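See structure below.
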Amino acid sequence: FPTRRSSDLFYLTVPFVIRKIGRSRLTWILIAIIVGAPVLRTALHLFFEHSSLACYVLIPCRADSLSLGVLCAVLVRTDRWWKFLLAHRSALCGLTGILSVGLIALAFGGDNESTPMITIGYSVLALFYSGCLLIAITGANATMRRVLCNRSLMQLGVLAYCTYLLHLPLMEVSRRLLGLRFAYSSTSTHFIGGLIGILLTLGVAKLSWTF
């Protein structure tokens with residue numbers, strides 16, 4: 001819930017900032033935020049006890065992920081940088097591949113409150129998704145572009161925000177209902193309940209989008 005508030009506030013303020021600041025200054029501001037956010041997370045994690053939740057939900061701590069999305073939009077709308085991306089598509093694929101290896105390592109390194117995840121993990125995740133986005137836009141890899149531009153995946157993208165809002169409560173409701181008949185704490189109850197909750201979420205999101 002705090003994360004939703006933070007991201008919503010970011011989306012409300014960024015259009016105002018973009019309107020009032022020139023593109024060149026905006027680029028430097030975005031870069032400063034992208035660099036500064038992991039530094040802030042690391043400082044909070046090292047010097048303040050029980051700061052993991054703050055690092056996860058507060059806008060200044062997570063603004064690198066949000067700012068990378070804005071920066072990608074700026075890059076593809078600037079002729080010089082667009083030509084640069086097109087000329088270095090192979091490097092873009094290579095860097096994204098390296099980031100994917102980093103994500104695999106982070107996946108085995110602990111949860112979202114672990115030191116590796118808080119310090120650099122969130123930024124690595126954001127950079128990986130930014131790389132995937134730019135690969136799809138530039139056509140850097142034909143196979144990957146076909147996967148990323150798959151109509152089913154694009155439809156999931158349309159439903160993404162409603163899915164983001166509803167998935168946790170619907171998954172928990174499903175698990176609680178199964179827990180009336182089976183052991184709530186069992187792995188099977190959590191897995192099946194989570195799967196049912198995801199399917200319900202997608203169904204509700206589709207109805208919300210359609211109607």
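Naming scheme: A, B, ... for chains in displayed order of the structure tokens; residues 1 onward per chain; ligands 1 onward as shown.
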
Counting only C-alpha atoms, what are the residues of stretch 59-170 of chain A within 9 Å of stretch 192-196 of chain A, and for each of them which pair of atoms is the nearest and at what distance in Å, to one decimal? Sort the table by chain and rising number, as CSV.
residue,atom,partner,partner_atom,distance
A:His167,CA,A:Gly194,CA,8.8
A:Leu168,CA,A:Gly194,CA,8.6
A:Leu170,CA,A:Gly194,CA,8.2

Mind writing the picked residues with C-alpha atoms as an mmCIF file, in the first residue's frame?
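The resulting again_39.cif:
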data_model
loop_
_atom_site.group_PDB
_atom_site.id
_atom_site.type_symbol
_atom_site.label_atom_id
_atom_site.label_comp_id
_atom_site.auth_asym_id
_atom_site.auth_seq_id
_atom_site.Cartn_x
_atom_site.Cartn_y
_atom_site.Cartn_z
ATOM 1 C CA HIS A 167 -2.992 -9.222 -6.853
ATOM 2 C CA LEU A 168 -1.920 -9.370 -3.201
ATOM 3 C CA LEU A 170 -6.940 -11.573 -4.058
#

Go through A:Thr42, A:Arg145, A:Phe211, A:Ala63 one by one, measure the shortest atom-to-atom distance of each to A:Pro116 using only C-alpha atoms, and give the residue with the smallest value.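 Looking only at the distances to A:Pro116, the closest residue turns out to be A:Thr42.
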
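Atom CA of A:Cys132 is positioned 14.3 Å from atom CA of A:His88.
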
Contact residues around A:Asp64 with only C-alpha atoms at 8 Å, ignoring same-chain residues under 6 positions, as a ChimeraX atom specification: /A:33-38,123,126

Using only C-alpha atoms, which residue out of A:Ser174, A:Ser186, A:Thr138, A:Thr13 lies closest to A:Ile59?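 The shortest atom-to-atom distance to A:Ile59 comes from A:Thr13.
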
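All residues of protein, DNA or RNA that reach within 10 Å of A:Cys162, judged by only C-alpha atoms and not counting those fewer than 3 positions away in the chain, are Val158, Leu159, Leu165, Leu166, His167, Thr201, Leu202, Val204, Ala205, Lys206, Ser208 and Trp209 of chain A.
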